[in-house]
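Shown below: my_file-v7.cif, with mmCIF, C-alpha atoms and all ligand atoms.
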data_upload
loop_
_atom_site.label_atom_id
_atom_site.label_comp_id
_atom_site.auth_asym_id
_atom_site.auth_seq_id
_atom_site.Cartn_x
_atom_site.Cartn_y
_atom_site.Cartn_z
CA MET S 1 4.88 38.61 51.18
CA GLN S 2 7.33 40.35 48.95
CA THR S 3 6.97 37.74 46.18
CA VAL S 4 3.19 38.06 46.36
CA THR S 5 3.47 41.81 45.80
CA LYS S 6 5.92 41.22 42.97
CA ASP S 7 3.60 38.64 41.36
CA LEU S 8 0.71 41.03 41.65
CA ARG S 9 2.76 43.76 40.08
CA ASP S 10 3.67 41.42 37.19
CA VAL S 11 0.03 40.50 36.66
CA PHE S 12 -0.87 44.17 36.68
CA CYS S 13 1.82 44.88 34.06
CA VAL S 14 0.56 42.09 31.78
CA VAL S 15 -3.05 43.26 32.06
CA LYS S 16 -1.95 46.80 31.31
CA GLU S 17 0.00 45.59 28.27
CA ILE S 18 -3.02 43.70 26.95
CA ILE S 19 -5.22 46.77 27.28
CA TYR S 20 -2.54 49.22 26.10
CA PRO S 21 -0.12 47.18 24.00
CA GLY S 22 3.34 48.68 23.51
CA ARG S 23 4.47 49.96 20.16
CA CYS S 24 7.56 49.13 18.16
CA PRO S 25 10.08 52.00 18.15
CA VAL S 26 10.91 51.37 14.47
CA CYS S 27 7.56 50.86 12.67
CA ASP S 28 5.23 52.06 15.46
CA GLY S 29 3.17 48.87 15.00
CA ILE S 30 1.66 47.05 17.97
CA LEU S 31 3.93 44.69 19.89
CA ASN S 32 2.88 41.25 21.07
CA THR S 33 2.36 40.98 24.79
CA PHE S 34 3.43 37.35 24.48
CA GLU S 35 5.26 35.43 21.83
CA ILE S 36 6.50 31.90 21.24
CA LYS S 37 10.26 31.69 21.48
CA ASP S 38 12.17 28.37 21.42
CA GLY S 39 8.86 26.56 21.75
CA LYS S 40 7.95 28.43 24.93
CA LEU S 41 5.43 31.15 25.60
CA GLN S 42 7.33 34.25 26.66
CA ARG S 43 6.78 37.93 27.25
CA GLY S 44 7.05 39.86 23.99
CA GLY S 45 10.03 42.06 23.20
CA LEU S 46 10.30 45.85 23.10
CA ILE S 47 10.80 45.85 19.33
CA HIS S 48 9.75 43.57 16.44
CA ARG S 49 12.55 41.15 15.65
CA GLU S 50 12.51 42.13 11.97
CA CYS S 51 12.53 45.83 12.80
CA ALA S 52 15.53 45.44 15.11
CA LYS S 53 17.60 44.59 12.03
CA LYS S 54 16.91 47.99 10.52
CA ILE S 55 18.60 49.90 13.31
CA ARG S 56 22.22 50.93 12.86
CA TYR S 57 24.39 51.26 15.94
CA VAL S 58 27.37 53.60 16.11
CA LYS S 59 30.37 51.46 15.17
CA PRO S 60 34.11 51.99 15.64
CA PRO S 61 36.31 53.67 14.62
CA THR S 62 34.79 56.64 16.45
CA CYS S 63 35.94 60.20 17.16
CA ILE S 64 37.74 60.22 20.53
CA LYS S 65 35.88 63.41 21.48
CA CYS S 66 32.25 63.29 20.33
CA GLY S 67 32.03 59.55 19.65
CA LYS S 68 30.76 59.88 16.09
CA SER S 69 31.64 57.11 13.61
CA LEU S 70 34.66 58.11 11.55
CA LYS S 71 34.25 57.56 7.86
CA GLY S 72 36.01 58.37 4.59
CA VAL S 73 39.18 60.44 4.88
CA TYR S 74 38.72 60.72 8.63
CA ALA S 75 38.60 57.00 9.27
CA ASP S 76 42.30 56.80 10.15
CA GLY S 77 42.37 59.88 12.39
CA GLU S 78 41.40 60.44 16.01
CA PHE S 79 38.92 63.29 15.52
CA CYS S 80 35.96 63.84 13.24
CA GLU S 81 35.83 66.91 10.98
CA ASP S 82 33.92 68.96 13.60
CA CYS S 83 36.06 68.09 16.60
CA ALA S 84 39.26 68.76 14.64
CA LYS S 85 38.05 72.37 14.34
CA ILE S 86 36.11 73.09 17.55
CA LYS S 87 37.34 72.77 21.11
CA HIS S 88 34.55 71.27 23.18
CA ALA S 89 33.91 71.94 26.87
CA TYR S 90 32.94 68.35 27.67
CA ASP S 91 35.44 65.53 28.14
CA ARG S 92 33.95 62.90 25.89
CA GLY S 93 30.69 61.73 24.38
CA PHE S 94 28.92 58.53 23.46
CA SER S 95 25.90 57.76 21.28
CA VAL S 96 23.94 54.62 20.65
CA PHE S 97 22.38 54.84 17.16
CA GLU S 98 23.26 56.24 13.76
CA TYR S 99 20.79 59.10 13.42
CA ARG S 100 19.46 58.24 9.98
CA SER S 101 18.29 54.78 11.02
CA VAL S 102 16.22 56.10 13.95
CA SER S 103 15.18 59.61 12.86
CA GLY S 104 11.48 58.68 12.54
CA SER S 105 11.54 56.85 15.85
CA ILE S 106 13.07 59.79 17.72
CA TYR S 107 10.62 62.18 16.07
CA ARG S 108 7.67 60.20 17.45
CA PHE S 109 9.39 59.84 20.83
CA LYS S 110 9.84 63.60 20.98
CA TYR S 111 6.70 65.02 19.46
CA MET S 112 4.05 62.31 19.34
CA GLY S 113 3.91 61.08 22.90
CA ARG S 114 5.68 57.77 22.37
CA GLN S 115 7.44 57.88 25.72
CA GLU S 116 7.29 54.09 25.88
CA TYR S 117 10.12 53.84 23.32
CA ALA S 118 12.41 54.86 26.18
CA ASP S 119 12.32 51.28 27.48
CA PHE S 120 13.84 49.97 24.27
CA TYR S 121 16.27 52.90 24.02
CA ALA S 122 17.53 52.42 27.58
CA ASN S 123 17.88 48.65 27.18
CA ALA S 124 19.82 49.08 23.94
CA THR S 125 22.04 51.67 25.61
CA LYS S 126 22.83 49.36 28.50
CA LYS S 127 23.64 46.55 26.10
CA VAL S 128 26.09 48.49 23.94
CA LEU S 129 27.51 51.08 26.36
CA GLY S 130 26.65 49.90 29.88
CA LYS S 131 30.09 48.56 30.71
CA LYS S 132 31.88 51.60 29.33
CA LEU S 133 29.60 54.00 31.20
CA LYS S 134 30.12 52.12 34.47
CA GLU S 135 33.89 52.42 34.08
CA LEU S 136 33.71 56.21 33.85
CA GLY S 137 32.72 56.52 37.51
CA ILE S 138 29.68 58.71 36.85
CA ASP S 139 28.01 59.89 40.04
CA LEU S 140 25.12 61.74 38.41
CA ILE S 141 22.98 61.52 35.29
CA MET S 142 21.25 64.73 34.16
CA PRO S 143 19.02 65.32 31.14
CA VAL S 144 19.40 68.49 29.05
CA PRO S 145 16.67 70.68 30.55
CA MET S 146 13.75 71.95 28.54
CA TYR S 147 12.24 75.39 28.99
CA SER S 148 9.46 74.90 31.54
CA ARG S 149 6.64 76.31 29.41
CA LYS S 150 7.67 74.15 26.47
CA ALA S 151 7.79 71.06 28.68
CA ALA S 152 4.35 71.91 30.02
CA GLU S 153 2.95 72.20 26.50
CA ARG S 154 4.50 68.93 25.36
CA GLY S 155 3.76 67.19 28.62
CA TYR S 156 7.24 65.77 29.04
CA ASN S 157 10.91 66.30 28.32
CA GLN S 158 12.02 63.39 26.16
CA ALA S 159 15.63 63.61 27.37
CA GLU S 160 14.40 63.29 30.95
CA VAL S 161 12.22 60.28 30.13
CA TYR S 162 15.20 58.50 28.56
CA ALA S 163 17.56 59.55 31.37
CA GLY S 164 15.11 58.27 33.97
CA ARG S 165 14.94 54.78 32.46
CA LEU S 166 18.72 54.71 32.14
CA SER S 167 19.24 55.83 35.71
CA LYS S 168 17.22 52.84 36.91
CA LEU S 169 18.93 50.34 34.61
CA LEU S 170 22.47 51.52 35.39
CA ASP S 171 21.72 52.25 39.03
CA ILE S 172 23.14 55.79 38.88
CA PRO S 173 21.11 58.64 40.42
CA MET S 174 19.45 61.22 38.17
CA ARG S 175 18.74 64.89 38.89
CA SER S 176 16.72 66.97 36.47
CA ASP S 177 16.68 70.20 38.49
CA LEU S 178 20.41 70.88 38.78
CA VAL S 179 20.49 73.03 35.66
CA VAL S 180 17.40 74.90 34.49
CA ARG S 181 16.66 76.51 31.15
CA THR S 182 15.77 80.08 31.97
CA ARG S 183 14.41 81.10 28.60
CA ASN S 184 13.24 79.55 25.40
CA THR S 185 15.83 79.40 22.62
CA LEU S 186 15.42 79.45 18.86
CA PRO S 187 15.51 76.15 17.00
CA MET S 188 19.21 75.48 16.37
CA LYS S 189 18.92 73.95 12.93
CA ASN S 190 18.87 77.26 11.07
CA LEU S 191 21.79 78.83 12.93
CA ASP S 192 25.53 78.70 12.26
CA VAL S 193 28.06 77.95 15.02
CA ARG S 194 28.27 81.55 16.25
CA GLY S 195 24.51 81.98 16.04
CA ARG S 196 24.03 78.84 18.12
CA ARG S 197 26.41 80.10 20.78
CA ASN S 198 24.69 83.50 21.04
CA ASN S 199 21.35 81.77 21.13
CA LEU S 200 22.43 79.79 24.20
CA LYS S 201 23.99 82.69 26.13
CA LYS S 202 22.47 82.83 29.60
CA ALA S 203 19.89 80.27 28.56
CA PHE S 204 20.82 78.02 31.46
CA ASN S 205 21.20 78.49 35.17
CA ILE S 206 22.80 76.20 37.71
CA GLN S 207 21.78 75.53 41.31
CA ARG S 208 25.38 75.95 42.37
CA ASN S 209 25.15 75.28 46.11
CA ASP S 210 23.76 71.93 45.24
CA VAL S 211 26.66 70.64 43.21
CA LYS S 212 28.66 68.05 45.08
CA PHE S 213 29.18 65.80 42.10
CA LYS S 214 32.53 65.07 40.50
CA CYS S 215 31.58 63.20 37.34
CA VAL S 216 28.38 63.99 35.45
CA LEU S 217 26.76 62.39 32.41
CA ILE S 218 24.58 64.78 30.38
CA ILE S 219 21.77 63.09 28.44
CA ASP S 220 20.07 64.27 25.25
CA ASP S 221 18.24 62.69 22.34
CA ILE S 222 20.32 63.90 19.37
CA TYR S 223 23.86 65.25 19.07
CA THR S 224 24.42 67.76 16.30
CA THR S 225 27.08 70.43 16.92
CA GLY S 226 27.31 69.90 20.65
CA SER S 227 26.78 73.59 21.46
CA THR S 228 24.04 72.94 24.03
CA ILE S 229 26.09 70.27 25.77
CA ASP S 230 29.15 72.55 25.73
CA GLU S 231 27.17 75.33 27.37
CA ILE S 232 25.97 73.05 30.17
CA SER S 233 29.45 71.55 30.55
CA ARG S 234 30.89 75.03 31.17
CA LEU S 235 28.35 75.67 33.92
CA LEU S 236 29.05 72.32 35.56
CA ARG S 237 32.80 72.92 35.52
CA MET S 238 32.39 76.36 37.06
CA ALA S 239 30.44 74.69 39.83
CA GLY S 240 33.31 72.29 40.48
CA VAL S 241 32.45 69.19 38.46
CA LYS S 242 35.71 67.55 37.32
CA LYS S 243 34.55 65.29 34.51
CA VAL S 244 31.68 65.93 32.13
CA TYR S 245 30.54 63.28 29.67
CA PHE S 246 27.51 63.14 27.45
CA LEU S 247 25.34 60.38 26.10
CA THR S 248 22.85 60.85 23.28
CA LEU S 249 20.53 58.39 21.65
CA ALA S 250 21.62 59.29 18.16
CA ILE S 251 24.41 61.03 16.34
CA GLY S 252 24.68 61.88 12.65
CA GLN S 253 27.49 61.96 10.20
CA THR S 254 29.08 65.39 9.84
CA THR S 255 26.64 68.19 10.47
ZN ZN Y 1 8.24 47.09 14.07
ZN ZN Y 2 33.96 64.39 16.92
#
As structure tokens, what does this structure read like?
Amino acid sequence: MQTVTKDLRDVFCVVKEIIYPGRCPVCDGILNTFEIKDGKLQRGGLIHRECAKKIRYVKPPTCIKCGKSLKGVYADGEFCEDCAKIKHAYDRGFSVFEYRSVSGSIYRFKYMGRQEYADFYANATKKVLGKKLKELGIDLIMPVPMYSRKAAERGYNQAEVYAGRLSKLLDIPMRSDLVVRTRNTLPMKNLDVRGRRNNLKKAFNIQRNDVKFKCVLIIDDIYTTGSTIDEISRLLRMAGVKKVYFLTLAIGQTT
């Protein structure tokens, strides 16, 4: 009986894909529902094969704190330029892609309703970081929360969509209500470090009585200065969480 239900579900998925074909996270073109691979008809991939070559993954050596690729004069050190100066509240971070190679993709994922890219993102994450993340002993995945009115306008919180796919793939529970954003904050890109910190003051609230987790992974789409993740890390620590890690889809060079 179970296989029948599974078969039916597969058929349903294929039909859905034919009616609403998926889109490539790099070029946004339509993906094939089926393709010929090694002489056999197979289900199509989550990205065009040619487009996959355009994506740059974060490569070692990386900063032992934020996980950014170390380049130039910093290549021989342990920390990147930012982490050498700022003390972060989280333990360590990881990112999957070099920001520049996926900036358009993440923009569409965030603002243009392309939630489906999350399947590719989560698969890629599992492939390059799955083992490492498993070793950390994470007992909870949580997305960076979005202010509720903003999420309602946009229809979804992209960090939560990505975190949800990842939670399933890595088999680690996700909670998106542990920390809430209590007010809308200004866009961070025009603020300096102090401005960013003031901007985030009392922006988040934690459901303290609920926290029985020891090791949490915070999920976001892009890592820039880390001030948002630091703010949430502080709250989690105050509530008794021992280890706080973060994972973002993309990270840039120095900011
Ligand atoms: Zn493509
Ligand atoms: Zn760093």
Worksheet item: Could you list, as number ranges by chain, all the residues within 7 Å of ligand ZN 1 (chain Y), counting all atoms listed in the file?
Response: S: 24-29, 47-48, 50-51
Practice prompt. Please check which protein, DNA or RNA residues sit within 12 Å of ligand ZN 2 (chain Y), counting all atoms listed in the file, and write them as a PyMOL selection string.
Written response: chain S and resi 61-71+74-75+77-88+90-95+223-226+251-255
Worksheet item: By how many Å are atom CA of S:Glu231 and atom CA of S:Lys214 apart?
Response: 17.5 Å
Fill in: Residue contacts of S:Thr125 (10 Å, all atoms listed in the file) excluding same-chain residues fewer than 5 positions away, as a list in words
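Selected residues are Tyr57, Phe94, Ser95, Val96, Phe97, Asp119, Phe120, Gly130, Leu133, Leu166, Leu169, Leu170, Leu247, Thr248 and Leu249 of chain S.
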Worksheet item: How many Å separate atom CA of S:Phe213 from atom CA of S:Met146?
Response: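 Atom-to-atom, atom CA of S:Phe213 to atom CA of S:Met146, that is 21.4 Å.
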Worksheet item: Nearest to S:Tyr99: which of S:Ile55, S:Val244, S:Leu186, S:Leu217 is it, counting only C-alpha atoms?
Response: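 Closest to S:Tyr99 of all the choices is S:Ile55.
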Worksheet, complete the sentence: Shortest contact to S:Val241, candidates S:Met188, S:Met112, S:Leu140, S:Val180, atoms counted all atoms listed in the file, goes to S:Leu140
